[in-house]
Amino acid sequence: MEAIQTLAPEADRVLRTEPVKQNQARSSFLRAYLFSHKGGISLVVLAGLLSSLSSFLLTLIIGDFFMLQFQTGSSKGKLLAWLGIRLHSVQDFFWVFAVLLLFKFVCSFYEGYLSARQGERFVKSIRHSLFTAQIMAPAEQFAGKPFGNYLLRYSNDLKAVQHCLTRGVLGGIKHLLFMLTGLFLLLRINLLLGQISAGLLLLILTAMAVLSGQQRKYIRESRTRRSNLLAFVTRSFSRFRQMKKENTEDQVLDKYERRADLLYKANLANGRAESFIQSVAYLLQFGMIGCLLWVMTVRTAGYSAADGLIVVLLLLLMQGAVRNLLKVPSYLNKGRISLDKIRELTTQQPSFPAS
């Protein structure tokens, strides 16, 4: 424990003066956890991948139902045959449909539960390291900042760190695999439309990553204002008797209103930026479908109407994954900001027991 006190000033100086090393220190929490829990992380990814595949199969098999019931041709039926699934009657459809539904339920349950468990383990380990470093810190260093600021690390920051792992890293891997699987199926249906879809998705992801990077300053401002307000409230309550003796309630209320107003404006700015990013995500996704429809009007040779329809249906199915993938930079940004703040309070590298 004495090492924390001894190394903290020097480590903080190095991290302030060397941005590259600061980034390495920030990400060491996450890297250390991922490395020591490879087995558990792999299970989450596998469950997410199987859940995603079952979603594709459920969509494709519903299309096969119409071919069986109404005796019509279908590109979905062809694609299912390529996947090794052949339905000869409506009764076969309902058996396979029921099995896929059950499989989807089981995979979704385990993916959600295992992901939440990994997130809780990650936060528990960081919380222990953070509390240990704060308890063992010198009194002068601890008193240099209102302890309301320290309390915030145990609520908002740890929640952001948890989302960074579960929705940022693990969710990002899941949605990326889902999108790549969809693109692979699109390429199997029609090479040209699949290539255009892949190019447009790459442009969309690049644009959203740039926009999410611009949002980071609004997140930082909101976090800072929230921390300042919590510190002020904590400080005011600790001086409650003195405030009553001196009759300074009005001055305290004025100071509170100023800080609350700054927090309100910062939250509005962050909310405006996040709403803009999400609105752009919807615009670009449906704009991509519009571009594909336009390509079909310009070049009609090389694919059938059924091919074009199944491409659009698969893109609609992929919208949820793409939309969630576009949210990943936001979760990563918030998590990185919180890890930066936690790093400022402790330089001890956490030790994570293997899963």
# chains A, B, ... in the order shown; residues from 1 in each chain; ligands from 1
$ residues_around --residues "A:Leu229" --least-positions-apart "5" --cutoff "8 Å" --atoms "only C-alpha atoms" --output "list in words"
Tyr256, Arg259, Ala260 and Leu263 of chain A
$ write_last_selection --atoms "all heavy atoms" --output "PDB file, in the first residue's frame"
ATOM      1  N   TYR A 256     -25.737  27.408  -5.621  1.00  0.00           N
ATOM      2  CA  TYR A 256     -26.275  26.156  -6.165  1.00  0.00           C
ATOM      3  C   TYR A 256     -26.943  26.399  -7.516  1.00  0.00           C
ATOM      4  O   TYR A 256     -26.755  25.622  -8.462  1.00  0.00           O
ATOM      5  CB  TYR A 256     -27.276  25.545  -5.189  1.00  0.00           C
ATOM      6  CG  TYR A 256     -28.037  24.383  -5.778  1.00  0.00           C
ATOM      7  CD1 TYR A 256     -27.498  23.096  -5.787  1.00  0.00           C
ATOM      8  CD2 TYR A 256     -29.287  24.566  -6.362  1.00  0.00           C
ATOM      9  CE1 TYR A 256     -28.174  22.039  -6.353  1.00  0.00           C
ATOM     10  CE2 TYR A 256     -29.969  23.508  -6.945  1.00  0.00           C
ATOM     11  CZ  TYR A 256     -29.415  22.257  -6.928  1.00  0.00           C
ATOM     12  OH  TYR A 256     -30.089  21.215  -7.498  1.00  0.00           O
ATOM     13  N   ARG A 259     -24.392  26.738 -10.335  1.00  0.00           N
ATOM     14  CA  ARG A 259     -23.804  25.460 -10.721  1.00  0.00           C
ATOM     15  C   ARG A 259     -24.826  24.548 -11.421  1.00  0.00           C
ATOM     16  O   ARG A 259     -24.490  23.849 -12.386  1.00  0.00           O
ATOM     17  CB  ARG A 259     -23.238  24.750  -9.491  1.00  0.00           C
ATOM     18  CG  ARG A 259     -21.955  25.398  -8.965  1.00  0.00           C
ATOM     19  CD  ARG A 259     -21.576  24.855  -7.590  1.00  0.00           C
ATOM     20  NE  ARG A 259     -20.254  25.308  -7.176  1.00  0.00           N
ATOM     21  CZ  ARG A 259     -20.004  26.507  -6.688  1.00  0.00           C
ATOM     22  NH1 ARG A 259     -20.988  27.402  -6.582  1.00  0.00           N
ATOM     23  NH2 ARG A 259     -18.777  26.858  -6.329  1.00  0.00           N
ATOM     24  N   ALA A 260     -26.053  24.555 -10.914  1.00  0.00           N
ATOM     25  CA  ALA A 260     -27.093  23.737 -11.531  1.00  0.00           C
ATOM     26  C   ALA A 260     -27.401  24.220 -12.945  1.00  0.00           C
ATOM     27  O   ALA A 260     -27.671  23.404 -13.843  1.00  0.00           O
ATOM     28  CB  ALA A 260     -28.361  23.768 -10.673  1.00  0.00           C
ATOM     29  N   LEU A 263     -24.697  22.954 -15.227  1.00  0.00           N
ATOM     30  CA  LEU A 263     -24.893  21.533 -15.502  1.00  0.00           C
ATOM     31  C   LEU A 263     -26.032  21.331 -16.496  1.00  0.00           C
ATOM     32  O   LEU A 263     -25.939  20.506 -17.411  1.00  0.00           O
ATOM     33  CB  LEU A 263     -25.190  20.786 -14.199  1.00  0.00           C
ATOM     34  CG  LEU A 263     -25.569  19.301 -14.345  1.00  0.00           C
ATOM     35  CD1 LEU A 263     -24.453  18.519 -15.028  1.00  0.00           C
ATOM     36  CD2 LEU A 263     -25.898  18.693 -12.976  1.00  0.00           C
TER      37      LEU A 263
END
$ closest_atom_pairs --of "stretch 200-252 of chain A" --to "stretch 176-181 of chain A" --cutoff "12 Å" --atoms "only C-alpha atoms" --output "JSON lines"
{"residue": "A:Leu201", "atom": "CA", "partner": "A:Met179", "partner_atom": "CA", "distance": 9.2}
{"residue": "A:Leu202", "atom": "CA", "partner": "A:Met179", "partner_atom": "CA", "distance": 10.9}
{"residue": "A:Leu205", "atom": "CA", "partner": "A:Leu176", "partner_atom": "CA", "distance": 10.7}
$ write_last_selection --atoms "all heavy atoms" --output "PDB file, in the first residue's frame"
ATOM      1  N   LEU A 201     -21.573   0.968 -46.172  1.00  0.00           N
ATOM      2  CA  LEU A 201     -21.487   0.744 -44.729  1.00  0.00           C
ATOM      3  C   LEU A 201     -20.155   1.228 -44.172  1.00  0.00           C
ATOM      4  O   LEU A 201     -20.098   1.792 -43.072  1.00  0.00           O
ATOM      5  CB  LEU A 201     -21.680  -0.735 -44.421  1.00  0.00           C
ATOM      6  CG  LEU A 201     -23.119  -1.257 -44.438  1.00  0.00           C
ATOM      7  CD1 LEU A 201     -23.140  -2.769 -44.283  1.00  0.00           C
ATOM      8  CD2 LEU A 201     -23.946  -0.601 -43.344  1.00  0.00           C
ATOM      9  N   LEU A 202     -19.085   1.018 -44.911  1.00  0.00           N
ATOM     10  CA  LEU A 202     -17.770   1.492 -44.467  1.00  0.00           C
ATOM     11  C   LEU A 202     -17.751   3.013 -44.369  1.00  0.00           C
ATOM     12  O   LEU A 202     -17.222   3.586 -43.401  1.00  0.00           O
ATOM     13  CB  LEU A 202     -16.693   1.001 -45.431  1.00  0.00           C
ATOM     14  CG  LEU A 202     -15.247   1.395 -45.077  1.00  0.00           C
ATOM     15  CD1 LEU A 202     -14.870   0.822 -43.723  1.00  0.00           C
ATOM     16  CD2 LEU A 202     -14.276   0.898 -46.152  1.00  0.00           C
ATOM     17  N   LEU A 205     -19.839   4.037 -41.222  1.00  0.00           N
ATOM     18  CA  LEU A 205     -19.116   3.798 -39.966  1.00  0.00           C
ATOM     19  C   LEU A 205     -17.995   4.814 -39.769  1.00  0.00           C
ATOM     20  O   LEU A 205     -17.754   5.282 -38.654  1.00  0.00           O
ATOM     21  CB  LEU A 205     -18.550   2.374 -39.959  1.00  0.00           C
ATOM     22  CG  LEU A 205     -19.586   1.243 -39.907  1.00  0.00           C
ATOM     23  CD1 LEU A 205     -18.896  -0.113 -39.988  1.00  0.00           C
ATOM     24  CD2 LEU A 205     -20.414   1.328 -38.638  1.00  0.00           C
TER      25      LEU A 205
END
$ residues_around --residues "A:Val322" --least-positions-apart "3" --cutoff "7 Å" --atoms "only C-alpha atoms" --output "ChimeraX atom specification"
/A:175,179,318-319,325-326
$ atom_distance --atom1 "atom CA of A:Tyr110" --atom2 "atom CA of A:Gln278"
28.2 Å
$ residues_around --residues "A:Val328" --least-positions-apart "3" --cutoff "7 Å" --atoms "only C-alpha atoms" --output "short mmCIF file (atom, residue, chain, number, x, y, z; two decimals) with C-alpha atoms, in the first residue's frame"
data_model
loop_
_atom_site.label_atom_id
_atom_site.label_comp_id
_atom_site.auth_asym_id
_atom_site.auth_seq_id
_atom_site.Cartn_x
_atom_site.Cartn_y
_atom_site.Cartn_z
CA ARG A 167 -21.85 -2.31 -24.87
CA GLY A 168 -18.63 -0.94 -26.31
CA GLY A 172 -19.13 -3.90 -30.73
CA ASN A 324 -25.96 -0.35 -32.29
CA LEU A 325 -22.53 -0.50 -33.88
CA TYR A 331 -19.80 4.10 -25.15
CA LEU A 332 -16.05 3.87 -25.70
#
$ residues_around --residues "stretch 183-189 of chain A" --least-positions-apart "2" --cutoff "8 Å" --atoms "only C-alpha atoms" --output "list in words"
Ser75, Leu79, Met179, Leu180, Thr181, Leu191, Leu192, Leu193, Gly194, Gln195, Ser197, Ala198, Asp307, Val311 and Leu314 of chain A
$ atom_distance --atom1 "atom CA of A:Ser212" --atom2 "atom CA of A:Ser330"
5.9 Å
$ closest_residue --among "A:Gln215, A:Ser338, A:Gln91, A:Gln134" --to "A:Val161" --atoms "only C-alpha atoms"
A:Ser338
$ atom_distance --atom1 "atom CA of A:Gly39" --atom2 "atom CA of A:Arg117"
13.1 Å
$ select_by_dssp --residues "stretch 130-274 of chain A" --states "alpha helix (DSSP H)" --output "PyMOL selection string"
chain A and resi 130-135+139-143+147-152+158-163+171-189+191-238+240-246+249-274
$ closest_residue --among "A:Thr59, A:Ser42, A:Ser227, A:Thr248" --to "A:Gly182" --atoms "only C-alpha atoms"
A:Thr59
$ residues_around --residues "A:Arg127" --least-positions-apart "2" --cutoff "10 Å" --atoms "only C-alpha atoms" --output "list in words"
Arg121, Phe122, Val123, Lys124, Ser125, Ser129, Leu130, Phe131, Thr132, Ala133, Arg153, Tyr154, Leu158, Ile342 and Pro350 of chain A
